[in-house]
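Chemist: Handing you a structure now.
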Amino acid sequence: MAAPIVKRFLVSFEKNKYIGVAVAGLVLGAASVVAILPPEPPPPTKYRAIGLLTYSSPPPIATQTGQNLLEQGRNAITKQLLLNEQVMSEGAKAAQMLEKPKRFLKNIKIEFPEQKEGEAAGPQLIKVQYTAKQRELAQKTLEVMLTEMVEQSRLFNTAQLRSQIEALKERVNEAKQDLQVAERQFYQYMSQQGSSMIAAQDGSLFAAISAAQQQQRQLQQQLEGIESQINSLSDQLNLTPEQAATAAALSADPIIAQLRAQILEAETQQQMLAKDLRPAHPQMEALIDQIASYEQLLIERANEVIGNDDVFEAAPRQIRQDSSLDPTRQNLANQILELEAQKESLARQLQVLQRNEQEMRRDYEQFPTKQLEMTRLQQQLELKRQFYNGLQARLVDAQSAEAETTGNLSIAQEPMIQEQKPDVSEPPNPVIVILAGIVGGGIAGAVVILAFSFLDPRLHTPQELRALLSEREILVLAELPWLEKTEKQAIPTLITGKNLPYLDIYEHCRSTLRRSAPKNSKVVLVTSVGREEGKSTAAYNLAIAAAYAGKRTLLIEGDMRSPSHAPAVQLAVDPDAQSEPLAYYSSHNECVRLVPLVENLYLAPSAGPQRKAASIVESSEMRRLVEDARQRFDMVIMDTPALNHANDALLLQPLTDGLIIVTRPGVSRGKEVGAMLDQMVEAEMPILGGVINGVEMPPPETYEGEDETTALPGSRPEALATATPSLNGNHNGNGSSSGKNLPPPVAGRKK
C-alpha cells in the first residue's frame with residue numbers, strides 16, 4: 001500500500017497534471033533561452049588599492065581621563081566609525097561617485113585583525129581596500145579615505161572628551177546644590193536644637209529637672225499646710241470656703257445690715273400685735289406687706305453684692321442667716337478667703353513648674369534621637385562634600401586632558417595597487433543547459449503538483465482516516481473494500497456476484513462491533529459526515545452479513561430525504577408510503593418486509609423523499625417501530641442521511657444504542673469530519689466505532705461452488721420481489737413468511 005504522501009501526489013497528479021506540465025514547459029523554455037543566448041563579453045580589468053591602518057601608541061599622558069579616553073576610543077573603532085558620513089563624502093568626491101553612494105560602498109572592504117588564542121600579540125593592523133577601474137583613481141581615493149579615517153578617530157576622542165566634560169559640569173552643579181541643601185539642613189537643625197543638646201550634654205538640664213522637682217515638693221507642702229488651715233477654719237465656722245466667702249461679703253455690706261434691722265423691727269411689731277389683732281386686720285396686713293418689701297430689697301441687694309443675679313431668689317431667710325456673722329466669725333471668714341487666694345497662687349506656680357519639668361524631661365528623653373539626627377545630618381553633609389570634591393577633581397582632570405587628546409589610528413602603509421584580471425569562464429554547453437532544464441522542469445512540475453496535493457482538504461488514504469479516528473479514541477471496526485459495480489446493479493453496491501468473496505470482511509466488521517459494543521446492544525445507527533462516503537452500502541452489506549450469521553436482522557432506511565434503495569434487493573416500494581408516511585410506519589406489517597433473496601433479513605424501506613422529514617423522524621410512529629423492532633429482532637441497523645446534509649441522524653440517535661461513522665478515502669474531508677467528531681465526543685454521544693469504506697484491496701479466496709453469477713448467500717430464487725411478509729404468522733407459497741421458523745444459513749468452505 002502506498003504511503004499517504006505518495007497517494008496524495010498521485011491523486012493530485014491526475015487532477016493537476018496539466019498545470020505541472022505547464023510549469024515544466026516554462027522551466028524548459030527558460031533553459032532553452034539561456035542555451036541559445038550568445039556569451040557575455042569579458043569584464044574590464046580592475047585595480048585594487050590596499051592600505052593599512054594601525055593602532056598608534058599613545059604619547060605620555062599625565063591625566064587619568066586621557067588614558068581612559070584612549071582605551072575607550074580604541075575599543076570604539078568599528079566599521080561604522082571608519083565609514084561614517086564624512087569619510088564616505090570625501091572618498092566619493094575623490095572617486096567621482098557622489099551621485100552613486102551605494103555603488104561606491106560596494107567597492108570598499110575593511111578587514112579588522114583577529115587575535116587567536118595561544119598566539120603572541122603582534123601589531124594590530126586594519127586592512128582597507130578600494131577597487132576601481134583606473135589605477136590612479138583607486139590610489140587617490142584610498143589615500144583620502146585613510147587620512148579621513150585617522151582624523152575621524154581623533155575627532156571621535158575629542159567629542160567623547162567634550163561630552164564627558166559637559167556631563168561632569170552638570171553633575172558638579174547638581175552636587176553643589178545638594179551640598180548647599182545639606183548644609184542648610186544641618187545649620188538649621190543645630191540652631192533649633194543646639195542649646196537643648198548642649199544643656200543635656202553638660203548636665204545643666206538634669207540639674208534644672210531636679211530643681212524643678214524640689215520646688216514642686218515645697219509648693220505641695222505649702223498647699224497641704226494651707227489646705228489644713230482652711231479645713232480648720234471651715235470647721236470652726238461650720239461653713240465651706242464658698243459659703244464663708246458669701247457670708248463675709250453679705251455681713252460686711254451696711255445696706256444688708258440695715259434691711260435686716262428693718263425686717264427684724266417689723267417682725268417684732270407683728271408678733272406684738274398678733275396677740276390682740278387678727279391676721280386679716282389692716283394693720284397686720286400692712287406689716288406683712290412691709291416685711292415682704294424688705295425681703296425683696298434684701299434679695300436684690302444680696303445679688304448685687306455677690307455679683308450673680310438670682311442666686312438668692314425666694315431665699316430671704318438664707319440671706320439673713322449668711323449675713324449675720326459677728327466680727328469674730330467675720331474675721332475667720334476673711335482668713336479663709338486669704339488662704340484660698342494663697343492656695344490658688346501656689347497651685348498656679350505648681351502647674352507652671354510641672355509644665356516646665358515635662359518640657360525639660362521631653363528634651364532630656366529626646367536627646368539620643370536628636371544626637372542621632374545630628375550625626376546623620378553631619379554624615380550626609382560630609383558625604384555630599386566628598387562627592388562634590390571628587391567631581392571637581394574629575395572635572396579638572398578632564399579639562400586638563402583636552403590638550404593631550406590624540407587619535408587612536410595612524411597610517412601604517414600607504415596604498416599599494418594590485419591589478420585584478422577577471423576570470424573568464426567558458427559558457428556552458430547548450431546540451432547540458434537543456435538537459436538541466438528538462439530535469440529542473442520535471443522537479444518543478446512535481447513540486448507544484450505536490451503543493452496542490454497539500455491544498456486538497458480530502459483524506460486519500462486509510463492511514464489518514466485511521467489516524468483521524470484514533471486521535472479521538474474512536475475504534476476502527478474495519479476497512480471495508482471497494483465493491484465493483486455491475487451494469488444491472490443499482491446503488492447500493494451489494495456483496496453479490498464478483499463482490500461475494502468480500503463477505504468475510506463484513507462479517508469481521510460485525511463481529512468486532514459485537515465485541516466492542518455494550519452488552520445487550522441491538523439497535524445501531526449508520527451515518528457519515530459527508531455524502532458519497534458509502535454509508536448506505538455499508539449498512540446494507542453489514543445487515544446481509546448479520547443475516548448470513550443467523551441473526552434476525554432488520555434494516556431501517558431512515559433517510560427520508562432520498563428515495564428508497566429497496567429495488568437493490570428486489571423489493572418494490574409501496575406507492576402509498578410517500579403520500580401517507582405516518583400511516584405507513586404505524587402499520588408494521590406493511591413497512592417491515594422480508595427480503596426474498598436473504599434468509600433472516602428484513603427491510604423497512606424509506607417513505608422518501610419527504611419535504612418534512614424531521615416530523616417523520618421525530619414521530620411516535622417511528623419510535624414505536626424501533627421499540628417493536630428491538631423486541632423482535634436480534635439486530636437492527638438504521639441507515640440515516642449525512643450529518644452535514646441534515647440532523648436526522650442526531651434526532652434518531654436517542655432511539656439507538658450507538659452510532660457507526662462511515663468514512664471513505666478520497667471523499668472524506670479531514671477538517672469537516674474532525675470538527676463533527678469533536679462535537680459528538682464533547683456531547684458524549686455513544687460512538688460505537690468507525691469504518692473506512694471504499695478501500696482498494698485484493699479479493700479474498702472464493703468458496704467452493706461460487707462464481708461471478710452466484711446470488712446472495714442463503715438466497716431463495718423462488719421468492720418474488722413484490723412479496724410483503726408479515727412479522728407474525730407462518731408463510732406459504734403465496735408470499736407470506738414466518739419470522740420464527742427460518743432455514744439455517746448456508747455454510748461455505750474455503751478452497
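Each chain in the C-alpha cells gets a letter, A, B, ..., in the order shown, and its residues are numbered from 1; ligands are numbered from 1 in order too.
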Fewer than 4 positions away in the same chain doesn't count, so skip those; otherwise give me all residues within 10 Å of Ile432 in chain A, counting only C-alpha atoms, as a PyMOL selection string.

Modeler: chain A and resi 31+35+428+436-438

Chemist: Kindly indicate which residue among A:Glu300, A:Asp289, A:Glu136, A:Glu627 lies nearest to Glu419 in chain A, using only C-alpha atoms for the distances.

Modeler: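 Of all the options, A:Glu136 lies closest to Glu419 in chain A.
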
Chemist: What is the distance, in Å and to one decimal place, between CA of Leu475 in chain A and CA of Gln679 in chain A?

Modeler: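 Computed distance, CA of Leu475 in chain A to CA of Gln679 in chain A, equals 16.9 Å.
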
Chemist: Could you work out how far CA of Asp178 in chain A lies from CA of Gln160 in chain A, giving the answer in Å with one decimal?

Modeler: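 Result for CA of Gln160 in chain A versus CA of Asp178 in chain A: 26.9 Å, one decimal.
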
Chemist: Which polymer residues have any atom within 12 Å of an atom of Leu643 in chain A, counting only C-alpha atoms, with same-chain residues fewer than 3 positions away left out, as a ChimeraX atom specification?

Modeler: /A:526-531,533,535,559,639-640,646-653,659,661-662,672-673,675-677,679-680

Chemist: For the residues in that selection, give me C-alpha atoms as a PDB file, in the first residue's frame.

Modeler:
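Final file, out.pdb:
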```
ATOM      1  CA  VAL A 526     -25.066   4.079  10.482  1.00  0.00           C
ATOM      2  CA  THR A 527     -24.233   7.573   9.225  1.00  0.00           C
ATOM      3  CA  SER A 528     -21.439   9.658   7.716  1.00  0.00           C
ATOM      4  CA  VAL A 529     -20.328  13.265   7.847  1.00  0.00           C
ATOM      5  CA  GLY A 530     -20.496  13.925   4.105  1.00  0.00           C
ATOM      6  CA  ARG A 531     -22.186  12.459   1.079  1.00  0.00           C
ATOM      7  CA  GLU A 533     -18.976   8.052   1.522  1.00  0.00           C
ATOM      8  CA  LYS A 535     -22.900   4.700   4.283  1.00  0.00           C
ATOM      9  CA  ASP A 559     -33.133   8.684   5.134  1.00  0.00           C
ATOM     10  CA  ASP A 639     -29.349   3.945   7.582  1.00  0.00           C
ATOM     11  CA  THR A 640     -29.524   7.780   8.036  1.00  0.00           C
ATOM     12  CA  ALA A 646     -29.372  17.026   7.799  1.00  0.00           C
ATOM     13  CA  ASN A 647     -29.592  16.376  11.550  1.00  0.00           C
ATOM     14  CA  ASP A 648     -31.830  13.313  11.156  1.00  0.00           C
ATOM     15  CA  ALA A 649     -29.102  11.015  12.484  1.00  0.00           C
ATOM     16  CA  LEU A 650     -28.808  13.090  15.674  1.00  0.00           C
ATOM     17  CA  LEU A 651     -32.595  13.042  16.100  1.00  0.00           C
ATOM     18  CA  LEU A 652     -32.739   9.237  15.723  1.00  0.00           C
ATOM     19  CA  GLN A 653     -29.696   8.565  17.896  1.00  0.00           C
ATOM     20  CA  LEU A 659     -23.524   5.203  16.071  1.00  0.00           C
ATOM     21  CA  ILE A 661     -19.357   6.656  11.451  1.00  0.00           C
ATOM     22  CA  VAL A 662     -18.591   5.774   7.806  1.00  0.00           C
ATOM     23  CA  GLU A 672     -15.181  18.630   8.465  1.00  0.00           C
ATOM     24  CA  VAL A 673     -15.031  15.081   9.811  1.00  0.00           C
ATOM     25  CA  ALA A 675     -14.940  19.032  13.705  1.00  0.00           C
ATOM     26  CA  MET A 676     -18.109  16.917  13.648  1.00  0.00           C
ATOM     27  CA  LEU A 677     -16.476  14.112  15.639  1.00  0.00           C
ATOM     28  CA  GLN A 679     -18.711  17.956  18.691  1.00  0.00           C
ATOM     29  CA  MET A 680     -20.100  14.452  19.097  1.00  0.00           C
TER      30      MET A 680
END
```

Chemist: Name all residues at most 7 Å from Lys127 in chain A (count only C-alpha atoms; drop same-chain ones fewer than 2 positions away) and give them as a PyMOL selection string.

Modeler: chain A and resi 51-53+110-112+125+129
